[in-house]
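What's in model.cif: mmCIF, C-alpha atoms
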data_entry
#
loop_
_atom_site.label_atom_id
_atom_site.label_comp_id
_atom_site.auth_asym_id
_atom_site.auth_seq_id
_atom_site.Cartn_x
_atom_site.Cartn_y
_atom_site.Cartn_z
CA MET A 1 -34.27 -22.49 33.22
CA HIS A 2 -34.41 -20.44 30.05
CA GLN A 3 -31.85 -17.64 29.68
CA PRO A 4 -31.61 -14.78 27.16
CA SER A 5 -29.18 -14.98 24.28
CA ALA A 6 -25.55 -14.76 25.44
CA HIS A 7 -22.77 -12.69 23.95
CA PRO A 8 -20.47 -14.90 21.83
CA GLN A 9 -17.44 -13.85 23.92
CA ARG A 10 -19.13 -14.14 27.32
CA VAL A 11 -17.45 -17.39 28.42
CA ALA A 12 -14.01 -16.30 27.21
CA LEU A 13 -14.30 -12.91 28.91
CA HIS A 14 -15.60 -14.49 32.11
CA ASN A 15 -12.70 -16.95 32.24
CA GLU A 16 -10.15 -14.20 31.56
CA ILE A 17 -10.07 -13.51 35.31
CA HIS A 18 -8.69 -17.03 35.76
CA ALA A 19 -6.05 -16.71 33.03
CA ARG A 20 -2.53 -17.79 34.03
CA PRO A 21 -3.40 -18.69 37.64
CA PRO A 22 -0.56 -19.42 40.09
CA GLU A 23 0.12 -22.99 41.19
CA ALA A 24 0.67 -24.26 44.69
CA MET A 25 4.36 -25.09 45.18
CA ALA A 26 6.47 -26.76 47.82
CA ALA A 27 10.20 -26.44 48.44
CA PRO A 28 12.71 -27.64 47.44
CA LEU A 29 11.91 -26.85 43.82
CA ALA A 30 14.05 -26.04 40.78
CA LEU A 31 12.52 -23.85 38.06
CA SER A 32 13.81 -22.74 34.66
CA HIS A 33 11.98 -19.87 33.00
CA ILE A 34 12.52 -18.94 29.32
CA VAL A 35 11.03 -15.98 27.44
CA MET A 36 11.00 -16.40 23.64
CA VAL A 37 10.31 -13.32 21.51
CA GLY A 38 8.96 -13.78 18.00
CA ASP A 39 6.43 -12.69 15.43
CA ALA A 40 2.88 -14.02 15.29
CA GLY A 41 3.94 -17.04 13.25
CA GLN A 42 6.69 -18.00 15.68
CA ARG A 43 4.43 -17.53 18.69
CA GLU A 44 1.82 -19.77 17.12
CA ALA A 45 4.54 -22.28 16.17
CA SER A 46 5.35 -22.63 19.85
CA ARG A 47 1.95 -24.26 20.33
CA ALA A 48 2.82 -26.83 17.68
CA HIS A 49 6.23 -27.30 19.32
CA LEU A 50 4.54 -28.09 22.62
CA ALA A 51 2.20 -30.50 20.83
CA THR A 52 5.24 -32.31 19.43
CA LEU A 53 6.60 -32.93 22.93
CA LEU A 54 3.21 -34.16 24.13
CA ARG A 55 2.83 -36.44 21.13
CA ASP A 56 6.24 -37.98 21.79
CA HIS A 57 5.10 -38.81 25.33
CA HIS A 58 1.64 -40.02 24.20
CA LEU A 59 -0.17 -37.18 25.98
CA PRO A 60 -3.31 -35.26 24.89
CA GLN A 61 -2.78 -32.33 22.54
CA PRO A 62 -3.30 -28.76 23.83
CA ASP A 63 -6.40 -26.79 22.97
CA ALA A 64 -6.00 -24.80 19.75
CA GLN A 65 -7.48 -21.67 21.40
CA SER A 66 -5.77 -21.80 24.80
CA THR A 67 -3.18 -19.19 25.77
CA HIS A 68 -1.71 -21.15 28.70
CA VAL A 69 -1.13 -24.84 29.34
CA ARG A 70 0.03 -26.63 32.50
CA LEU A 71 1.03 -30.27 32.40
CA GLU A 72 3.63 -32.76 33.58
CA VAL A 73 5.95 -34.61 31.20
CA GLY A 74 8.45 -37.17 32.45
CA GLY A 75 8.53 -35.81 35.98
CA VAL A 76 8.93 -32.19 34.84
CA ARG A 77 6.13 -29.66 35.27
CA ILE A 78 5.77 -27.51 32.13
CA ARG A 79 3.90 -24.22 31.96
CA TRP A 80 3.43 -22.64 28.53
CA GLU A 81 1.98 -19.13 28.19
CA LEU A 82 1.22 -17.19 25.02
CA HIS A 83 1.54 -13.41 25.39
CA THR A 84 1.12 -10.51 22.99
CA GLU A 85 4.80 -10.25 22.02
CA PHE A 86 6.42 -13.33 23.45
CA VAL A 87 5.96 -16.87 24.75
CA THR A 88 7.08 -18.03 28.18
CA TRP A 89 8.14 -21.56 29.08
CA THR A 90 8.51 -22.55 32.74
CA PHE A 91 9.95 -25.94 33.70
CA SER A 92 9.94 -27.05 37.32
CA ARG A 93 10.74 -30.19 39.27
CA ALA A 94 11.60 -31.20 42.81
CA PHE A 95 15.26 -31.78 43.65
CA ASP A 96 17.48 -32.77 46.51
CA ALA A 97 18.56 -29.56 48.25
CA ALA A 98 21.19 -31.28 50.42
CA GLY A 99 24.52 -29.59 49.91
CA PHE A 100 23.02 -26.77 47.83
CA GLY A 101 25.59 -24.08 47.20
CA GLN A 102 28.59 -26.36 47.59
CA GLN A 103 28.61 -27.25 43.90
CA GLU A 104 26.91 -26.27 40.65
CA PRO A 105 23.18 -26.67 41.34
CA VAL A 106 20.86 -28.83 39.27
CA ALA A 107 18.59 -26.90 36.83
CA ALA A 108 15.07 -27.98 35.93
CA VAL A 109 15.69 -27.49 32.25
CA GLN A 110 18.28 -30.27 32.30
CA SER A 111 15.43 -32.79 32.54
CA VAL A 112 13.85 -31.58 29.29
CA PRO A 113 14.86 -33.16 25.92
CA GLN A 114 17.73 -30.92 24.85
CA GLU A 115 17.15 -31.19 21.11
CA TRP A 116 13.52 -30.19 21.59
CA LEU A 117 14.60 -27.33 23.89
CA ALA A 118 17.12 -26.00 21.37
CA ALA A 119 14.40 -25.86 18.70
CA LEU A 120 12.04 -23.56 20.63
CA PRO A 121 10.54 -21.08 18.12
CA GLY A 122 11.67 -17.47 18.45
CA GLN A 123 14.64 -15.79 20.09
CA THR A 124 15.56 -15.96 23.75
CA LEU A 125 14.92 -12.69 25.55
CA ALA A 126 15.24 -13.90 29.15
CA ALA A 127 16.37 -17.16 30.75
CA LEU A 128 16.24 -17.58 34.52
CA HIS A 129 17.02 -20.44 36.90
CA LEU A 130 15.11 -20.15 40.17
CA TRP A 131 15.69 -22.44 43.12
CA VAL A 132 13.14 -22.50 45.93
CA LEU A 133 14.60 -23.78 49.20
CA PRO A 134 12.93 -24.50 52.55
CA GLY A 135 15.10 -21.94 54.28
CA ASP A 136 15.29 -21.24 57.97
CA PRO A 137 14.70 -17.56 58.80
CA GLU A 138 17.53 -17.69 61.34
CA GLY A 139 19.86 -19.94 59.33
CA GLU A 140 22.73 -19.14 57.02
CA VAL A 141 22.05 -18.41 53.36
CA PRO A 142 23.68 -21.19 51.26
CA LEU A 143 25.02 -18.90 48.54
CA THR A 144 28.58 -19.41 47.35
CA ARG A 145 30.41 -18.81 44.11
CA HIS A 146 28.73 -21.92 42.71
CA VAL A 147 25.31 -20.21 42.70
CA LEU A 148 25.49 -16.37 42.78
CA HIS A 149 28.22 -13.77 42.55
CA GLU A 150 28.60 -12.32 46.02
CA GLU A 151 30.08 -9.03 44.79
CA THR A 152 26.85 -8.15 42.94
CA LEU A 153 24.42 -9.86 45.29
CA VAL A 154 21.00 -8.27 45.72
CA GLY A 155 18.44 -9.55 48.17
CA CYS A 156 15.51 -8.70 50.40
CA ALA A 157 12.79 -10.20 52.53
CA VAL A 158 9.47 -10.58 50.70
CA SER A 159 5.87 -11.52 51.48
CA ASP A 160 5.90 -9.40 54.62
CA GLY A 161 9.13 -11.00 55.81
CA ASN A 162 7.95 -14.61 55.37
CA ALA A 163 10.48 -15.37 52.60
CA ARG A 164 13.80 -14.14 51.26
CA VAL A 165 14.97 -13.76 47.67
CA PHE A 166 18.52 -13.34 46.34
CA THR A 167 19.91 -12.72 42.86
CA ASP A 168 22.92 -11.13 41.19
CA PHE A 169 21.30 -10.08 37.86
CA ALA A 170 24.22 -11.65 36.01
CA LEU A 171 24.40 -13.97 33.03
CA HIS A 172 26.38 -17.00 34.12
CA ALA A 173 28.51 -19.31 32.01
CA ASP A 174 25.47 -21.22 30.74
CA GLY A 175 23.81 -18.00 29.53
CA TRP A 176 21.16 -18.04 32.26
CA SER A 177 20.55 -15.63 35.12
CA ARG A 178 19.91 -17.01 38.60
CA MET A 179 17.70 -16.41 41.61
CA VAL A 180 17.34 -18.19 44.96
CA LEU A 181 14.17 -18.03 47.05
CA LEU A 182 14.15 -19.17 50.67
CA ALA A 183 10.54 -20.09 51.42
CA ASP A 184 10.94 -19.86 55.20
CA HIS A 185 7.75 -21.89 55.91
CA LEU A 186 5.66 -19.96 53.38
CA PRO A 187 2.35 -21.78 52.60
CA PRO A 188 2.25 -23.58 49.19
CA ARG A 189 -0.35 -21.38 47.52
CA ARG A 190 1.26 -18.19 48.73
CA LEU A 191 4.63 -19.55 47.66
CA GLY A 192 3.22 -20.23 44.17
CA ARG A 193 1.98 -16.65 43.86
CA LEU A 194 5.34 -15.30 45.00
CA VAL A 195 7.26 -17.44 42.51
CA GLN A 196 5.00 -16.33 39.67
CA ARG A 197 5.51 -12.66 40.56
CA LEU A 198 9.29 -13.08 40.70
CA LEU A 199 9.28 -14.72 37.27
CA GLU A 200 7.07 -11.95 35.92
CA ILE A 201 9.41 -9.29 37.31
CA ASP A 202 12.29 -10.76 35.31
CA THR A 203 10.10 -11.22 32.22
CA TYR A 204 8.63 -7.73 32.18
CA ARG A 205 11.99 -6.17 33.06
CA MET A 206 13.51 -7.56 29.87
CA ALA A 207 10.43 -6.82 27.79
CA ALA A 208 10.46 -3.21 28.99
CA LEU A 209 14.09 -2.81 27.95
CA LEU A 210 13.22 -3.69 24.34
CA GLY A 211 12.39 -0.01 23.93
CA LEU A 212 15.90 1.13 24.87
CA PRO A 213 17.63 0.27 21.54
CA ALA A 214 14.77 1.95 19.68
CA ALA A 215 15.14 5.02 21.91
CA ARG A 216 18.89 5.22 21.24
CA GLU A 217 18.37 4.88 17.50
CA SER A 218 15.55 7.38 17.65
CA SER A 219 17.80 9.89 19.39
CA ALA A 220 20.20 9.98 16.44
CA LEU A 221 17.40 10.29 13.88
CA LEU A 222 15.64 13.00 15.85
CA ALA A 223 18.88 14.98 16.19
CA VAL A 224 19.23 15.03 12.39
CA ALA A 225 15.59 16.01 11.94
CA GLU A 226 15.87 18.79 14.54
CA GLY A 227 18.93 20.19 12.80
CA GLU A 228 17.18 20.15 9.44
CA LEU A 229 14.12 21.81 10.97
CA ALA A 230 16.26 24.58 12.46
CA ALA A 231 17.89 25.17 9.06
CA LEU A 232 14.48 25.26 7.40
CA ALA A 233 13.17 27.76 9.95
CA GLU A 234 16.09 30.11 9.25
CA ALA A 235 15.67 29.66 5.48
CA ILE A 236 11.97 30.46 5.77
CA ARG A 237 12.78 33.64 7.69
CA LEU A 238 15.12 34.86 4.94
CA ALA A 239 13.34 33.40 1.91
CA GLY A 240 11.75 35.42 -0.84
CA PRO A 241 8.34 34.68 -2.36
CA HIS A 242 9.83 32.65 -5.22
CA GLU A 243 11.61 30.29 -2.75
CA GLU A 244 8.61 29.47 -0.59
CA PRO A 245 7.20 26.59 -2.71
CA GLN A 246 10.54 24.74 -2.51
CA LEU A 247 10.76 25.33 1.23
CA LEU A 248 7.22 24.09 1.71
CA ASP A 249 8.10 20.94 -0.23
CA ARG A 250 11.17 20.32 1.97
CA LEU A 251 9.15 20.94 5.10
CA THR A 252 6.44 18.54 3.95
CA ARG A 253 9.04 15.84 3.31
CA LEU A 254 10.52 16.38 6.77
CA ALA A 255 7.07 16.14 8.35
CA GLY A 256 6.54 12.85 6.53
CA GLN A 257 9.83 11.48 7.86
CA VAL A 258 9.02 12.51 11.43
CA GLU A 259 5.54 10.99 11.32
CA SER A 260 6.84 7.81 9.72
CA HIS A 261 9.43 7.40 12.46
CA TYR A 262 6.81 8.14 15.11
CA ALA A 263 4.50 5.49 13.70
CA ALA A 264 7.35 2.94 13.60
CA THR A 265 8.38 3.44 17.25
CA HIS A 266 5.20 4.51 19.03
CA SER A 267 3.96 0.98 19.67
CA ARG A 268 7.37 -0.09 21.00
CA PHE A 269 7.61 2.83 23.42
CA SER A 270 4.01 2.36 24.54
CA ALA A 271 4.65 -1.32 25.22
CA SER A 272 7.82 -0.52 27.17
CA ALA A 273 5.96 1.99 29.33
CA ALA A 274 3.30 -0.64 30.06
CA TYR A 275 5.95 -3.23 30.96
CA PHE A 276 7.73 -0.78 33.27
CA GLU A 277 4.43 -0.22 35.07
CA LEU A 278 3.97 -3.99 35.41
CA VAL A 279 7.43 -4.28 36.96
CA ASP A 280 6.51 -1.57 39.47
CA GLN A 281 3.26 -3.34 40.28
CA ARG A 282 4.91 -6.73 40.77
CA LEU A 283 7.56 -5.19 43.04
CA GLN A 284 4.79 -3.74 45.16
CA ASP A 285 3.03 -7.11 45.24
CA ILE A 286 5.98 -8.96 46.80
CA HIS A 287 6.12 -6.50 49.76
CA GLU A 288 9.87 -6.06 50.07
CA GLN A 289 11.72 -5.53 53.33
CA ARG A 290 15.39 -4.65 53.58
CA LEU A 291 17.93 -7.23 54.73
CA PRO A 292 21.08 -6.06 56.55
CA GLY A 293 23.91 -5.28 54.17
CA LEU A 294 21.95 -5.97 50.95
CA GLN A 295 20.24 -3.78 48.38
CA PRO A 296 16.55 -4.64 47.84
CA LEU A 297 15.24 -5.53 44.38
CA GLY A 298 13.07 -2.42 44.17
CA GLU A 299 15.94 -0.10 45.00
CA PHE A 300 18.19 -1.90 42.52
CA PHE A 301 15.59 -1.52 39.77
CA GLU A 302 15.03 2.12 40.68
CA ARG A 303 18.72 2.89 40.30
CA ARG A 304 19.49 0.70 37.29
CA LEU A 305 16.26 0.86 35.24
CA SER A 306 15.48 4.54 35.76
CA PRO A 307 17.97 5.74 33.08
CA ALA A 308 16.54 3.34 30.49
CA ARG A 309 13.00 4.24 31.47
CA ALA A 310 13.77 7.96 31.29
CA THR A 311 15.47 7.52 27.90
CA CYS A 312 12.36 5.87 26.44
CA ALA A 313 10.07 8.49 27.97
CA TRP A 314 12.32 11.32 26.73
CA SER A 315 12.28 9.89 23.20
CA VAL A 316 8.48 9.91 23.22
CA ARG A 317 8.37 13.53 24.45
CA ARG A 318 11.04 14.54 21.95
CA GLN A 319 9.09 12.98 19.10
CA ASP A 320 5.92 14.76 20.16
CA ALA A 321 7.73 18.09 20.52
CA LEU A 322 9.41 17.75 17.11
CA SER A 323 6.13 16.81 15.47
CA GLN A 324 4.45 19.87 16.99
CA ARG A 325 7.29 22.16 15.91
CA VAL A 326 7.11 20.85 12.35
CA SER A 327 3.36 21.39 12.38
CA ARG A 328 3.70 24.96 13.67
CA ILE A 329 6.35 25.94 11.13
CA SER A 330 4.33 24.29 8.35
CA ASN A 331 1.28 26.29 9.37
CA LEU A 332 3.31 29.52 9.47
CA LEU A 333 4.77 28.88 6.02
CA ARG A 334 1.39 27.97 4.59
CA THR A 335 -0.10 31.11 6.12
CA ARG A 336 2.67 33.19 4.57
CA VAL A 337 2.10 31.59 1.16
CA GLU A 338 -1.66 32.09 1.48
CA ILE A 339 -1.22 35.78 2.37
CA GLU A 340 0.97 36.32 -0.67
CA GLN A 341 -1.55 34.49 -2.81
CA GLN A 342 -4.29 36.70 -1.42
CA GLN A 343 -2.23 39.79 -2.18
CA SER A 344 -1.69 38.53 -5.73
CA SER A 345 -5.41 37.86 -6.02
CA GLN A 346 -6.20 41.37 -4.78
CA ALA A 347 -3.83 42.88 -7.33
CA LEU A 348 -5.44 40.79 -10.06
CA LEU A 349 -8.89 41.88 -8.93
CA ALA A 350 -7.80 45.54 -8.94
CA THR A 351 -6.52 45.14 -12.50
CA MET A 352 -9.79 43.51 -13.52
CA ASN A 353 -11.72 46.37 -11.92
CA ARG A 354 -9.72 48.93 -13.89
CA ARG A 355 -10.33 46.99 -17.08
CA GLN A 356 -14.01 46.83 -16.26
CA ASP A 357 -14.12 50.61 -15.74
CA LEU A 358 -12.48 51.08 -19.11
CA GLN A 359 -14.97 48.71 -20.65
CA LEU A 360 -17.83 50.64 -19.07
CA GLN A 361 -16.44 53.93 -20.41
CA LEU A 362 -16.03 52.41 -23.84
CA GLN A 363 -19.50 50.95 -23.58
CA ALA A 364 -20.90 54.37 -22.71
CA THR A 365 -19.18 55.83 -25.79
CA VAL A 366 -20.49 53.03 -27.95
CA GLU A 367 -23.97 53.56 -26.51
CA GLY A 368 -23.84 57.22 -27.57
CA LEU A 369 -22.91 56.22 -31.11
CA SER A 370 -25.61 53.59 -31.05
CA VAL A 371 -28.23 56.20 -30.10
CA ALA A 372 -27.14 58.39 -33.00
CA ALA A 373 -27.16 55.52 -35.47
CA ILE A 374 -30.55 54.15 -34.35
CA THR A 375 -32.01 57.68 -34.38
CA TYR A 376 -30.70 58.23 -37.93
CA TYR A 377 -32.37 55.12 -39.26
CA ILE A 378 -35.65 55.71 -37.43
CA VAL A 379 -35.79 59.36 -38.60
CA GLY A 380 -35.18 58.13 -42.13
CA LEU A 381 -38.17 55.84 -41.80
CA VAL A 382 -40.23 58.77 -40.45
CA SER A 383 -39.18 60.83 -43.49
CA TYR A 384 -40.41 58.11 -45.83
CA LEU A 385 -43.65 57.91 -43.90
CA ALA A 386 -44.08 61.73 -44.17
CA LYS A 387 -43.58 61.55 -47.96
CA GLY A 388 -46.24 58.95 -48.29
CA ALA A 389 -48.55 60.76 -45.86
CA GLY A 390 -48.20 64.02 -47.90
CA ALA A 391 -50.27 62.46 -50.70
CA LEU A 392 -52.96 61.70 -48.11
CA GLY A 393 -53.07 65.28 -46.81
CA TRP A 394 -50.22 65.45 -44.25
CA PRO A 395 -49.73 69.17 -43.81
CA PHE A 396 -45.97 69.16 -43.14
CA SER A 397 -43.16 68.49 -45.53
CA PRO A 398 -40.99 65.39 -45.04
CA GLU A 399 -38.01 67.52 -44.04
CA VAL A 400 -39.93 69.35 -41.32
CA THR A 401 -41.43 66.11 -40.07
CA ALA A 402 -38.00 64.47 -39.89
CA ALA A 403 -36.51 67.49 -38.11
CA CYS A 404 -39.24 67.45 -35.49
CA ALA A 405 -38.93 63.69 -34.99
CA ILE A 406 -35.18 63.76 -34.31
CA PRO A 407 -35.26 64.88 -30.61
CA ILE A 408 -38.25 62.67 -29.87
CA VAL A 409 -36.68 59.59 -31.43
CA ALA A 410 -33.26 60.27 -29.90
CA GLY A 411 -34.78 60.71 -26.43
CA GLY A 412 -36.82 57.53 -26.77
CA VAL A 413 -33.83 55.49 -27.96
CA TRP A 414 -31.60 56.82 -25.19
CA LEU A 415 -34.23 56.11 -22.53
CA SER A 416 -34.77 52.57 -23.85
CA LEU A 417 -31.03 51.79 -23.76
CA ARG A 418 -30.75 53.14 -20.19
CA ARG A 419 -33.62 50.94 -19.02
CA LEU A 420 -32.10 47.90 -20.72
CA HIS A 421 -28.72 48.66 -19.14
CA ALA A 422 -30.27 49.02 -15.66
CA ARG A 423 -32.18 45.73 -16.09
CA VAL A 424 -28.95 43.88 -17.01
CA LEU A 425 -27.10 45.30 -14.01
CA ALA A 426 -29.97 44.34 -11.70
CA HIS A 427 -29.64 40.67 -12.72
CA ARG A 428 -25.85 40.45 -12.20
#
Give the structure from the file, written as structure tokens.
Amino acid sequence: MHQPSAHPQRVALHNEIHARPPEAMAAPLALSHIVMVGDAGQREASRAHLATLLRDHHLPQPDAQSTHVRLEVGGVRIRWELHTEFVTWTFSRAFDAAGFGQQEPVAAVQSVPQEWLAALPGQTLAALHLWVLPGDPEGEVPLTRHVLHEETLVGCAVSDGNARVFTDFALHADGWSRMVLLADHLPPRRLGRLVQRLLEIDTYRMAALLGLPAARESSALLAVAEGELAALAEAIRLAGPHEEPQLLDRLTRLAGQVESHYAATHSRFSASAAYFELVDQRLQDIHEQRLPGLQPLGEFFERRLSPARATCAWSVRRQDALSQRVSRISNLLRTRVEIEQQQSSQALLATMNRRQDLQLQLQATVEGLSVAAITYYIVGLVSYLAKGAGALGWPFSPEVTAACAIPIVAGGVWLSLRRLHARVLAHR
């Protein structure tokens, strides 16, 4: 069947709905989840690093365009995911849960080549061990000092009470945080979705907190800028006209600094806000229920992440407010400078008008002299004409003829100059 021409991104966009799908899982299962932060080169190098492991085990190479890969290497399930700012590695394998909690538990990452693991591109942002156990809803929770710290234990029932999750949000001696999930007869596919959401909660929690150091640094810079802006505002209020250009230059430099800082931190704060929203969404997805004597994950995050979240949000609002204040003061100063320039222009125009009036008066005087001079020369010509006409029978003497011609010639010259002057003014 013939079909119309397809968009070049149609297949990729269609398959986006299936990106990073959850896997069916069965307890007992040990998982190790690592989040590596890096630039674009390091994130792309992680693909080559995965290809190295596959090549060593004589396995097919990953697709050069894929953003997630799932495979099994030497009895360990590996899940590699490429994100916008980081790369996640998830290692999982089955283990013997007998005696869990009575000694240091086995981690999935221990089955991965350690030299290859140590060479993962980027920097570790989050590292989590998660153990999934086939717990009994009525049984005891096998958590001792070998797994989680009881004094900071946080836990709740999830998936509408069909499973239970426990963690202490602590970095243990190996540098990893820990979480225990009691499946309590949860179906494999539903268990896989729950595990993925728990891993994403830890991932996005740490990614969201990347904005906190930037917010703290921004607070100090904004405090300096706000103090300088206040000093500039007072100086502008007291400044004279000759000081305004220097103040405008200082204000322009301050505006440049504020906008430069805003551009440098805006993407980080926007990303943190998006990650905080993802954490909220994932907490809603696991459907928490309180367990007796324990603080739920959502309540813990609400109490502990709210200050960091508010700090980032406050930095964004503070930046916006400072930028608007700088803009307002800049506009006021520019308006003040423009008004003074207009006043100077008006004074200059008034001076030019006075000079033009003087020129017109002088021109009128010169025109009077010009009438007299032109009349003199024309009357002289008339006198010569009268002398010549006397030989031909002109009845009047040259002197009488010249005397009679003077008012006529003067009036004609004056009228001609006035018409010429009016014509010039009409074309201005």
Applying the PyMOL selection byres ((chain A and resi 235) around 12) to the file I just gave you, which residues come out? Please list them as a PDB file with C-alpha atoms, in the frame of the given file.
ATOM      1  CA  GLU A 228      17.180  20.150   9.440  1.00  0.00           C
ATOM      2  CA  LEU A 229      14.120  21.810  10.970  1.00  0.00           C
ATOM      3  CA  ALA A 230      16.260  24.580  12.460  1.00  0.00           C
ATOM      4  CA  ALA A 231      17.890  25.170   9.060  1.00  0.00           C
ATOM      5  CA  LEU A 232      14.480  25.260   7.400  1.00  0.00           C
ATOM      6  CA  ALA A 233      13.170  27.760   9.950  1.00  0.00           C
ATOM      7  CA  GLU A 234      16.090  30.110   9.250  1.00  0.00           C
ATOM      8  CA  ILE A 236      11.970  30.460   5.770  1.00  0.00           C
ATOM      9  CA  ARG A 237      12.780  33.640   7.690  1.00  0.00           C
ATOM     10  CA  LEU A 238      15.120  34.860   4.940  1.00  0.00           C
ATOM     11  CA  ALA A 239      13.340  33.400   1.910  1.00  0.00           C
ATOM     12  CA  GLY A 240      11.750  35.420  -0.840  1.00  0.00           C
ATOM     13  CA  PRO A 241       8.340  34.680  -2.360  1.00  0.00           C
ATOM     14  CA  GLU A 243      11.610  30.290  -2.750  1.00  0.00           C
ATOM     15  CA  GLU A 244       8.610  29.470  -0.590  1.00  0.00           C
ATOM     16  CA  GLN A 246      10.540  24.740  -2.510  1.00  0.00           C
ATOM     17  CA  LEU A 247      10.760  25.330   1.230  1.00  0.00           C
ATOM     18  CA  LEU A 248       7.220  24.090   1.710  1.00  0.00           C
ATOM     19  CA  ARG A 250      11.170  20.320   1.970  1.00  0.00           C
ATOM     20  CA  LEU A 251       9.150  20.940   5.100  1.00  0.00           C
ATOM     21  CA  ILE A 329       6.350  25.940  11.130  1.00  0.00           C
ATOM     22  CA  LEU A 333       4.770  28.880   6.020  1.00  0.00           C
TER      23      LEU A 333
END
Selection: 12 Å around A:Ala410, all atoms listed in the file, excl. self and same-chain fewer than 5 positions, as a VMD selection string: chain A and resid 367 to 379 402 to 405 415 to 417
Using all atoms listed in the file, list the residues that have an atom at most 10 Å from (24.4, -24.2, 41.9), coordinates as in the file, as a PDB file with C-alpha atoms, in the frame of the given file.
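Final output, saved to selection12.pdb:
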ATOM      1  CA  GLY A  99      24.520 -29.590  49.910  1.00  0.00           C
ATOM      2  CA  PHE A 100      23.020 -26.770  47.830  1.00  0.00           C
ATOM      3  CA  GLY A 101      25.590 -24.080  47.200  1.00  0.00           C
ATOM      4  CA  GLN A 102      28.590 -26.360  47.590  1.00  0.00           C
ATOM      5  CA  GLN A 103      28.610 -27.250  43.900  1.00  0.00           C
ATOM      6  CA  GLU A 104      26.910 -26.270  40.650  1.00  0.00           C
ATOM      7  CA  PRO A 105      23.180 -26.670  41.340  1.00  0.00           C
ATOM      8  CA  VAL A 106      20.860 -28.830  39.270  1.00  0.00           C
ATOM      9  CA  ALA A 107      18.590 -26.900  36.830  1.00  0.00           C
ATOM     10  CA  HIS A 129      17.020 -20.440  36.900  1.00  0.00           C
ATOM     11  CA  TRP A 131      15.690 -22.440  43.120  1.00  0.00           C
ATOM     12  CA  PRO A 142      23.680 -21.190  51.260  1.00  0.00           C
ATOM     13  CA  LEU A 143      25.020 -18.900  48.540  1.00  0.00           C
ATOM     14  CA  THR A 144      28.580 -19.410  47.350  1.00  0.00           C
ATOM     15  CA  ARG A 145      30.410 -18.810  44.110  1.00  0.00           C
ATOM     16  CA  HIS A 146      28.730 -21.920  42.710  1.00  0.00           C
ATOM     17  CA  VAL A 147      25.310 -20.210  42.700  1.00  0.00           C
ATOM     18  CA  LEU A 148      25.490 -16.370  42.780  1.00  0.00           C
ATOM     19  CA  ARG A 178      19.910 -17.010  38.600  1.00  0.00           C
ATOM     20  CA  VAL A 180      17.340 -18.190  44.960  1.00  0.00           C
TER      21      VAL A 180
END
Contact check, stretch 150-254 of chain A to stretch 111-127 of chain A, at most 12 Å, counting only C-alpha atoms, closest pairs as a Markdown table:
| residue | atom | partner | partner_atom | distance |
| --- | --- | --- | --- | --- |
| A:Phe169 | CA | A:Ala127 | CA | 11.2 |
| A:Ala170 | CA | A:Ala127 | CA | 10.9 |
| A:Leu171 | CA | A:Ala127 | CA | 8.9 |
| A:His172 | CA | A:Ala127 | CA | 10.6 |
| A:Asp174 | CA | A:Ala127 | CA | 10.0 |
| A:Gly175 | CA | A:Ala127 | CA | 7.6 |
| A:Trp176 | CA | A:Ala127 | CA | 5.1 |
| A:Ser177 | CA | A:Ala127 | CA | 6.2 |
| A:Arg178 | CA | A:Ala127 | CA | 8.6 |
| A:Met179 | CA | A:Ala127 | CA | 11.0 |
| A:Leu199 | CA | A:Ala127 | CA | 9.9 |
| A:Glu200 | CA | A:Ala126 | CA | 10.8 |
| A:Ile201 | CA | A:Ala126 | CA | 11.0 |
| A:Asp202 | CA | A:Ala126 | CA | 7.5 |
| A:Thr203 | CA | A:Ala126 | CA | 6.6 |
| A:Tyr204 | CA | A:Ala126 | CA | 9.5 |
| A:Arg205 | CA | A:Ala126 | CA | 9.3 |
| A:Met206 | CA | A:Ala126 | CA | 6.6 |
| A:Ala207 | CA | A:Leu125 | CA | 7.7 |
| A:Ala208 | CA | A:Leu125 | CA | 11.0 |
| A:Leu209 | CA | A:Leu125 | CA | 10.2 |
| A:Leu210 | CA | A:Leu125 | CA | 9.2 |
Up to 10 Å from (6.7, -22.9, 52.8) in the file's coordinates: name the residues, counting only C-alpha atoms, as a list in words.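 Nearby residues: Met25, Ala26, Ala27, Pro28, Val132, Leu133, Pro134, Gly135, Asn162, Ala163, Leu182, Ala183, Asp184, His185, Leu186, Pro187, Pro188, Arg189, Arg190, Leu191 and Gly192 of chain A.
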Write out the residues from the selection above, keeping C-alpha atoms, as an mmCIF file, in the coordinates of the input.
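Done, and the output landed in out.cif:
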data_model
loop_
_atom_site.group_PDB
_atom_site.id
_atom_site.type_symbol
_atom_site.label_atom_id
_atom_site.label_comp_id
_atom_site.auth_asym_id
_atom_site.auth_seq_id
_atom_site.Cartn_x
_atom_site.Cartn_y
_atom_site.Cartn_z
ATOM 1 C CA MET A 25 4.360 -25.090 45.180
ATOM 2 C CA ALA A 26 6.470 -26.760 47.820
ATOM 3 C CA ALA A 27 10.200 -26.440 48.440
ATOM 4 C CA PRO A 28 12.710 -27.640 47.440
ATOM 5 C CA VAL A 132 13.140 -22.500 45.930
ATOM 6 C CA LEU A 133 14.600 -23.780 49.200
ATOM 7 C CA PRO A 134 12.930 -24.500 52.550
ATOM 8 C CA GLY A 135 15.100 -21.940 54.280
ATOM 9 C CA ASN A 162 7.950 -14.610 55.370
ATOM 10 C CA ALA A 163 10.480 -15.370 52.600
ATOM 11 C CA LEU A 182 14.150 -19.170 50.670
ATOM 12 C CA ALA A 183 10.540 -20.090 51.420
ATOM 13 C CA ASP A 184 10.940 -19.860 55.200
ATOM 14 C CA HIS A 185 7.750 -21.890 55.910
ATOM 15 C CA LEU A 186 5.660 -19.960 53.380
ATOM 16 C CA PRO A 187 2.350 -21.780 52.600
ATOM 17 C CA PRO A 188 2.250 -23.580 49.190
ATOM 18 C CA ARG A 189 -0.350 -21.380 47.520
ATOM 19 C CA ARG A 190 1.260 -18.190 48.730
ATOM 20 C CA LEU A 191 4.630 -19.550 47.660
ATOM 21 C CA GLY A 192 3.220 -20.230 44.170
#
